[in-house]
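Engineer: Contents of target20.pdb (PDB, C-alpha atoms) are given next:
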ATOM      1  CA  MET A   1      94.507  93.364 106.559  1.00  0.00           C
ATOM      2  CA  ASN A   2      92.319  96.421 106.027  1.00  0.00           C
ATOM      3  CA  SER A   3      89.851  94.354 104.027  1.00  0.00           C
ATOM      4  CA  LEU A   4      89.618  91.860 106.890  1.00  0.00           C
ATOM      5  CA  VAL A   5      88.902  94.673 109.337  1.00  0.00           C
ATOM      6  CA  TRP A   6      86.346  96.202 106.980  1.00  0.00           C
ATOM      7  CA  THR A   7      84.595  92.864 106.341  1.00  0.00           C
ATOM      8  CA  THR A   8      84.648  91.972 110.035  1.00  0.00           C
ATOM      9  CA  GLY A   9      83.059  95.294 110.930  1.00  0.00           C
ATOM     10  CA  ARG A  10      80.419  94.923 108.258  1.00  0.00           C
ATOM     11  CA  CYS A  11      79.537  91.411 109.393  1.00  0.00           C
ATOM     12  CA  LEU A  12      79.418  92.406 113.059  1.00  0.00           C
ATOM     13  CA  ARG A  13      77.094  95.296 112.283  1.00  0.00           C
ATOM     14  CA  SER A  14      74.812  92.963 110.324  1.00  0.00           C
ATOM     15  CA  GLY A  15      74.873  90.385 113.136  1.00  0.00           C
ATOM     16  CA  SER A  16      75.920  87.574 110.811  1.00  0.00           C
ATOM     17  CA  ALA A  17      79.447  86.906 112.024  1.00  0.00           C
ATOM     18  CA  ALA A  18      80.906  83.920 113.829  1.00  0.00           C
ATOM     19  CA  PHE A  19      84.478  83.608 115.081  1.00  0.00           C
ATOM     20  CA  PHE A  20      86.560  80.531 115.746  1.00  0.00           C
ATOM     21  CA  ARG A  21      89.668  80.924 117.884  1.00  0.00           C
ATOM     22  CA  SER A  22      92.767  78.966 117.123  1.00  0.00           C
ATOM     23  CA  ARG A  23      94.198  76.460 119.615  1.00  0.00           C
ATOM     24  CA  PRO A  24      96.696  77.619 122.218  1.00  0.00           C
ATOM     25  CA  ALA A  25     100.366  77.219 121.395  1.00  0.00           C
ATOM     26  CA  VAL A  26     101.765  73.728 122.064  1.00  0.00           C
ATOM     27  CA  ASP A  27     104.576  75.084 124.231  1.00  0.00           C
ATOM     28  CA  GLY A  28     102.031  76.843 126.463  1.00  0.00           C
ATOM     29  CA  GLY A  29     103.315  80.252 125.374  1.00  0.00           C
ATOM     30  CA  VAL A  30     101.220  83.182 124.399  1.00  0.00           C
ATOM     31  CA  ARG A  31     100.313  83.317 120.748  1.00  0.00           C
ATOM     32  CA  LEU A  32      98.063  85.704 118.918  1.00  0.00           C
ATOM     33  CA  ALA A  33      94.880  83.868 118.162  1.00  0.00           C
ATOM     34  CA  SER A  34      93.911  84.042 114.546  1.00  0.00           C
ATOM     35  CA  ALA A  35      90.254  84.533 113.874  1.00  0.00           C
ATOM     36  CA  ARG A  36      88.289  83.035 111.055  1.00  0.00           C
ATOM     37  CA  LEU A  37      85.262  84.999 110.021  1.00  0.00           C
ATOM     38  CA  LEU A  38      82.181  83.436 108.558  1.00  0.00           C
ATOM     39  CA  CYS A  39      79.743  85.925 107.179  1.00  0.00           C
ATOM     40  CA  ALA A  40      76.404  85.073 105.616  1.00  0.00           C
ATOM     41  CA  ALA A  41      76.546  88.283 103.603  1.00  0.00           C
ATOM     42  CA  SER A  42      79.711  87.114 101.818  1.00  0.00           C
ATOM     43  CA  SER A  43      77.892  84.030 100.547  1.00  0.00           C
ATOM     44  CA  ASP A  44      75.256  86.365  99.101  1.00  0.00           C
ATOM     45  CA  VAL A  45      78.016  88.298  97.328  1.00  0.00           C
ATOM     46  CA  GLN A  46      79.417  85.051  95.914  1.00  0.00           C
ATOM     47  CA  LYS A  47      75.965  84.056  94.654  1.00  0.00           C
ATOM     48  CA  ASP A  48      75.469  87.504  93.118  1.00  0.00           C
ATOM     49  CA  LEU A  49      78.875  87.313  91.448  1.00  0.00           C
ATOM     50  CA  GLY A  50      78.023  83.919  89.995  1.00  0.00           C
ATOM     51  CA  GLU A  51      74.942  85.471  88.403  1.00  0.00           C
ATOM     52  CA  MET A  52      76.800  88.607  87.279  1.00  0.00           C
ATOM     53  CA  VAL A  53      79.499  86.728  85.361  1.00  0.00           C
ATOM     54  CA  LYS A  54      76.909  84.598  83.544  1.00  0.00           C
ATOM     55  CA  LYS A  55      74.624  87.480  82.590  1.00  0.00           C
ATOM     56  CA  ASP A  56      76.769  88.699  79.667  1.00  0.00           C
ATOM     57  CA  LYS A  57      79.167  87.018  77.239  1.00  0.00           C
ATOM     58  CA  VAL A  58      82.026  89.261  78.366  1.00  0.00           C
ATOM     59  CA  VAL A  59      82.271  90.649  81.899  1.00  0.00           C
ATOM     60  CA  VAL A  60      85.056  92.829  83.288  1.00  0.00           C
ATOM     61  CA  PHE A  61      85.579  93.798  86.915  1.00  0.00           C
ATOM     62  CA  MET A  62      87.796  96.847  86.772  1.00  0.00           C
ATOM     63  CA  LYS A  63      88.911  99.994  88.500  1.00  0.00           C
ATOM     64  CA  GLY A  64      86.909 102.762  86.902  1.00  0.00           C
ATOM     65  CA  THR A  65      84.728 102.473  83.821  1.00  0.00           C
ATOM     66  CA  PRO A  66      85.497 101.690  80.175  1.00  0.00           C
ATOM     67  CA  ALA A  67      85.074 105.399  79.436  1.00  0.00           C
ATOM     68  CA  GLN A  68      87.358 106.368  82.311  1.00  0.00           C
ATOM     69  CA  PRO A  69      89.622 103.569  83.572  1.00  0.00           C
ATOM     70  CA  MET A  70      91.271 104.436  86.890  1.00  0.00           C
ATOM     71  CA  CYS A  71      94.381 102.263  86.563  1.00  0.00           C
ATOM     72  CA  GLY A  72      96.744 101.270  83.785  1.00  0.00           C
ATOM     73  CA  PHE A  73      95.853  97.578  83.906  1.00  0.00           C
ATOM     74  CA  SER A  74      92.127  98.275  83.612  1.00  0.00           C
ATOM     75  CA  ASN A  75      92.885 100.666  80.761  1.00  0.00           C
ATOM     76  CA  ALA A  76      94.923  97.968  78.991  1.00  0.00           C
ATOM     77  CA  VAL A  77      92.002  95.503  79.211  1.00  0.00           C
ATOM     78  CA  VAL A  78      89.623  98.122  77.788  1.00  0.00           C
ATOM     79  CA  GLN A  79      92.061  98.909  74.947  1.00  0.00           C
ATOM     80  CA  ILE A  80      92.579  95.226  74.079  1.00  0.00           C
ATOM     81  CA  LEU A  81      88.837  94.624  73.938  1.00  0.00           C
ATOM     82  CA  ARG A  82      88.405  97.798  71.881  1.00  0.00           C
ATOM     83  CA  MET A  83      91.093  96.667  69.384  1.00  0.00           C
ATOM     84  CA  HIS A  84      89.143  93.440  68.881  1.00  0.00           C
ATOM     85  CA  GLY A  85      85.892  95.355  68.390  1.00  0.00           C
ATOM     86  CA  VAL A  86      84.358  94.146  71.639  1.00  0.00           C
ATOM     87  CA  ASP A  87      82.290  97.174  72.557  1.00  0.00           C
ATOM     88  CA  GLU A  88      79.389  95.498  74.313  1.00  0.00           C
ATOM     89  CA  TYR A  89      80.347  93.950  77.620  1.00  0.00           C
ATOM     90  CA  ALA A  90      79.398  94.288  81.241  1.00  0.00           C
ATOM     91  CA  ALA A  91      81.879  96.352  83.231  1.00  0.00           C
ATOM     92  CA  TYR A  92      81.712  96.676  87.009  1.00  0.00           C
ATOM     93  CA  ASN A  93      83.643  99.410  88.793  1.00  0.00           C
ATOM     94  CA  VAL A  94      85.077  97.815  91.938  1.00  0.00           C
ATOM     95  CA  LEU A  95      86.073 101.235  93.280  1.00  0.00           C
ATOM     96  CA  ASP A  96      82.392 101.994  93.843  1.00  0.00           C
ATOM     97  CA  ASP A  97      81.837  98.960  96.054  1.00  0.00           C
ATOM     98  CA  GLN A  98      84.423  97.588  98.490  1.00  0.00           C
ATOM     99  CA  GLU A  99      82.335  94.454  99.040  1.00  0.00           C
ATOM    100  CA  LEU A 100      82.366  93.765  95.293  1.00  0.00           C
ATOM    101  CA  ARG A 101      86.101  94.462  95.120  1.00  0.00           C
ATOM    102  CA  GLN A 102      86.946  91.905  97.813  1.00  0.00           C
ATOM    103  CA  GLY A 103      84.214  89.483  96.788  1.00  0.00           C
ATOM    104  CA  VAL A 104      85.370  89.125  93.199  1.00  0.00           C
ATOM    105  CA  LYS A 105      88.893  88.312  94.387  1.00  0.00           C
ATOM    106  CA  MET A 106      87.538  85.508  96.559  1.00  0.00           C
ATOM    107  CA  PHE A 107      85.129  84.358  93.844  1.00  0.00           C
ATOM    108  CA  SER A 108      87.885  83.874  91.263  1.00  0.00           C
ATOM    109  CA  ASN A 109      90.671  83.063  93.701  1.00  0.00           C
ATOM    110  CA  TRP A 110      92.657  85.727  91.819  1.00  0.00           C
ATOM    111  CA  PRO A 111      94.181  88.535  93.883  1.00  0.00           C
ATOM    112  CA  THR A 112      94.190  91.387  91.400  1.00  0.00           C
ATOM    113  CA  ILE A 113      91.840  93.628  89.446  1.00  0.00           C
ATOM    114  CA  PRO A 114      90.934  93.769  86.557  1.00  0.00           C
ATOM    115  CA  GLN A 115      89.323  90.388  86.047  1.00  0.00           C
ATOM    116  CA  VAL A 116      87.817  89.175  82.782  1.00  0.00           C
ATOM    117  CA  TYR A 117      85.129  86.503  82.326  1.00  0.00           C
ATOM    118  CA  PHE A 118      83.885  84.889  79.099  1.00  0.00           C
ATOM    119  CA  ASN A 119      80.523  83.087  79.294  1.00  0.00           C
ATOM    120  CA  GLY A 120      80.762  82.892  83.076  1.00  0.00           C
ATOM    121  CA  GLU A 121      84.283  81.412  83.030  1.00  0.00           C
ATOM    122  CA  PHE A 122      87.199  83.272  84.581  1.00  0.00           C
ATOM    123  CA  VAL A 123      89.788  84.104  81.910  1.00  0.00           C
ATOM    124  CA  GLY A 124      92.304  86.065  83.959  1.00  0.00           C
ATOM    125  CA  GLY A 125      93.596  89.547  84.468  1.00  0.00           C
ATOM    126  CA  CYS A 126      95.335  92.070  82.277  1.00  0.00           C
ATOM    127  CA  ASP A 127      98.453  89.930  81.850  1.00  0.00           C
ATOM    128  CA  ILE A 128      96.487  86.897  80.642  1.00  0.00           C
ATOM    129  CA  LEU A 129      94.312  88.934  78.265  1.00  0.00           C
ATOM    130  CA  LEU A 130      97.412  90.635  76.858  1.00  0.00           C
ATOM    131  CA  GLN A 131      99.100  87.271  76.307  1.00  0.00           C
ATOM    132  CA  MET A 132      95.959  85.930  74.590  1.00  0.00           C
ATOM    133  CA  HIS A 133      95.898  89.024  72.380  1.00  0.00           C
ATOM    134  CA  GLN A 134      99.568  88.646  71.458  1.00  0.00           C
ATOM    135  CA  ASN A 135      99.446  84.934  70.617  1.00  0.00           C
ATOM    136  CA  GLY A 136      96.090  85.028  68.784  1.00  0.00           C
ATOM    137  CA  ASP A 137      94.125  83.021  71.352  1.00  0.00           C
ATOM    138  CA  LEU A 138      91.806  85.942  72.021  1.00  0.00           C
ATOM    139  CA  VAL A 139      90.521  85.841  68.424  1.00  0.00           C
ATOM    140  CA  GLU A 140      89.690  82.147  68.873  1.00  0.00           C
ATOM    141  CA  GLU A 141      88.017  82.682  72.260  1.00  0.00           C
ATOM    142  CA  LEU A 142      85.874  85.456  70.822  1.00  0.00           C
ATOM    143  CA  LYS A 143      84.795  83.103  68.007  1.00  0.00           C
ATOM    144  CA  LYS A 144      83.641  80.613  70.660  1.00  0.00           C
ATOM    145  CA  LEU A 145      81.485  83.407  72.085  1.00  0.00           C
ATOM    146  CA  GLY A 146      79.953  84.041  68.666  1.00  0.00           C
ATOM    147  CA  MET A 147      81.912  87.275  68.262  1.00  0.00           C
ATOM    148  CA  THR A 148      84.167  88.190  65.375  1.00  0.00           C
ATOM    149  CA  SER A 149      87.350  90.002  66.294  1.00  0.00           C
ATOM    150  CA  ALA A 150      87.955  93.233  64.401  1.00  0.00           C
ATOM    151  CA  LEU A 151      91.585  92.120  64.128  1.00  0.00           C
ATOM    152  CA  SER A 152      90.649  88.940  62.243  1.00  0.00           C
ATOM    153  CA  ASP A 153      88.566  91.064  59.853  1.00  0.00           C
ATOM    154  CA  ALA A 154      91.508  93.441  59.350  1.00  0.00           C
ATOM    155  CA  GLU A 155      93.801  90.458  58.687  1.00  0.00           C
ATOM    156  CA  LYS A 156      91.424  89.117  55.990  1.00  0.00           C
ATOM    157  CA  GLU A 157      91.231  92.540  54.301  1.00  0.00           C
ATOM    158  CA  SER A 158      95.012  92.867  54.132  1.00  0.00           C
ATOM    159  CA  LYS A 159      95.333  89.576  52.195  1.00  0.00           C
TER     160      LYS A 159
END
How would this structure read if it were set down as structure tokens?
Structural biologist:
Amino acid sequence: MNSLVWTTGRCLRSGSAAFFRSRPAVDGGVRLASARLLCAASSDVQKDLGEMVKKDKVVVFMKGTPAQPMCGFSNAVVQILRMHGVDEYAAYNVLDDQELRQGVKMFSNWPTIPQVYFNGEFVGGCDILLQMHQNGDLVEELKKLGMTSALSDAEKESK
């Protein structure tokens, strides 16, 4: 709800908001009208996000930074990538930008942060990346990106 209030306020201040009221209740009673907000600025955010996720092979939207994650799930994503030797990736701190934080959730249709993208495609959050790490799929996905997992190198050396 707070994000709706924040976004509504931002759109009203920018003058780019339009509201549509719901129909009255069939029984003639009083019903709270829900409002649907259309904001031109949000389409700009979606366009920007589309460009951001395609700019780098690996993109992470997280709370904090790779050097200083601000939540356990973001930290887990950073650690998983680090274990695989993925040191170069774009990381965006959603705590610095509320518009980015809400926009990325709408962009991916995924309600939580962190969010991971490979070659512009949404992979998932911490739980999905952890599952991919555990079942070996992450090594294969990194190969598709032209990256060699440090864990596959370690496996070859142990043989």
Engineer: Please measure the separation of CA of Gln98 (chain A) and CA of Met52 (chain A), giving the value in Å to one decimal.
Structural biologist: 16.3 Å
Engineer: Under the rule that all atoms listed in the file are counted, which of A:Met106, A:Leu138, A:Met83, A:Leu145 is the nearest residue to Gly120 (chain A)?
Structural biologist: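 Counting all atoms listed in the file, the residue closest to Gly120 (chain A) is A:Leu145.
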Engineer: Would you work out the distance separating CA of Gln68 (chain A) from CA of Val123 (chain A), expressed in Å to one decimal?
Structural biologist: 22.4 Å
Engineer: Please check which residues have atoms at most 12 Å from (92.7, 85.4, 90.4) in the file's coordinates, counting only C-alpha atoms, and write them as a list of chain:residue names.
Structural biologist: A:Phe61, A:Gln102, A:Gly103, A:Val104, A:Lys105, A:Met106, A:Phe107, A:Ser108, A:Asn109, A:Trp110, A:Pro111, A:Thr112, A:Ile113, A:Pro114, A:Gln115, A:Val116, A:Tyr117, A:Glu121, A:Phe122, A:Val123, A:Gly124, A:Gly125, A:Cys126, A:Asp127, A:Ile128
Engineer: Find the distance between CA of Ser74 (chain A) and CA of Val60 (chain A) and write it in Å to one decimal.
Structural biologist: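 Here the two named atoms are 8.9 Å from each other.
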Engineer: Could you tell me, as a list of chain:residue names, exactly which residues end up selected when the PyMOL selection byres ((chain A and resi 75) around 10) is applied to this structure?
Structural biologist: A:Met62, A:Lys63, A:Gly64, A:Thr65, A:Pro66, A:Ala67, A:Gln68, A:Pro69, A:Met70, A:Cys71, A:Gly72, A:Phe73, A:Ser74, A:Ala76, A:Val77, A:Val78, A:Gln79, A:Ile80, A:Leu81, A:Pro114, A:Cys126
Engineer: Can you list, as a list in words, the residues that the PyMOL selection byres ((chain A and resi 89) around 7) selects here?
Structural biologist: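 On the file shown, the PyMOL selection byres ((chain A and resi 89) around 7) covers Asp56, Val58, Val59, Asp87, Glu88, Ala90 and Ala91 of chain A.
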Engineer: From the set A:Thr148, A:Arg101, A:Asn119, A:His84, which residue has the shortest atom-to-atom contact distance to Met132 (chain A), counting all atoms listed in the file?
Structural biologist: A:His84
Engineer: Just checking: using all atoms listed in the file, which residue out of A:Val45, A:Val86, A:Leu130, A:Val53 ends up closest to Ser149 (chain A)?
Structural biologist: A:Val86
Engineer: As JSON, what would the box around region 88-103 of chain A look like: edges along x, y and z, 6 Å added on every side, centre and edge lengths in Å to one decimal?
Structural biologist:
{"center_x": 83.2, "center_y": 95.7, "center_z": 86.7, "size_x": 19.6, "size_y": 24.5, "size_z": 36.7}
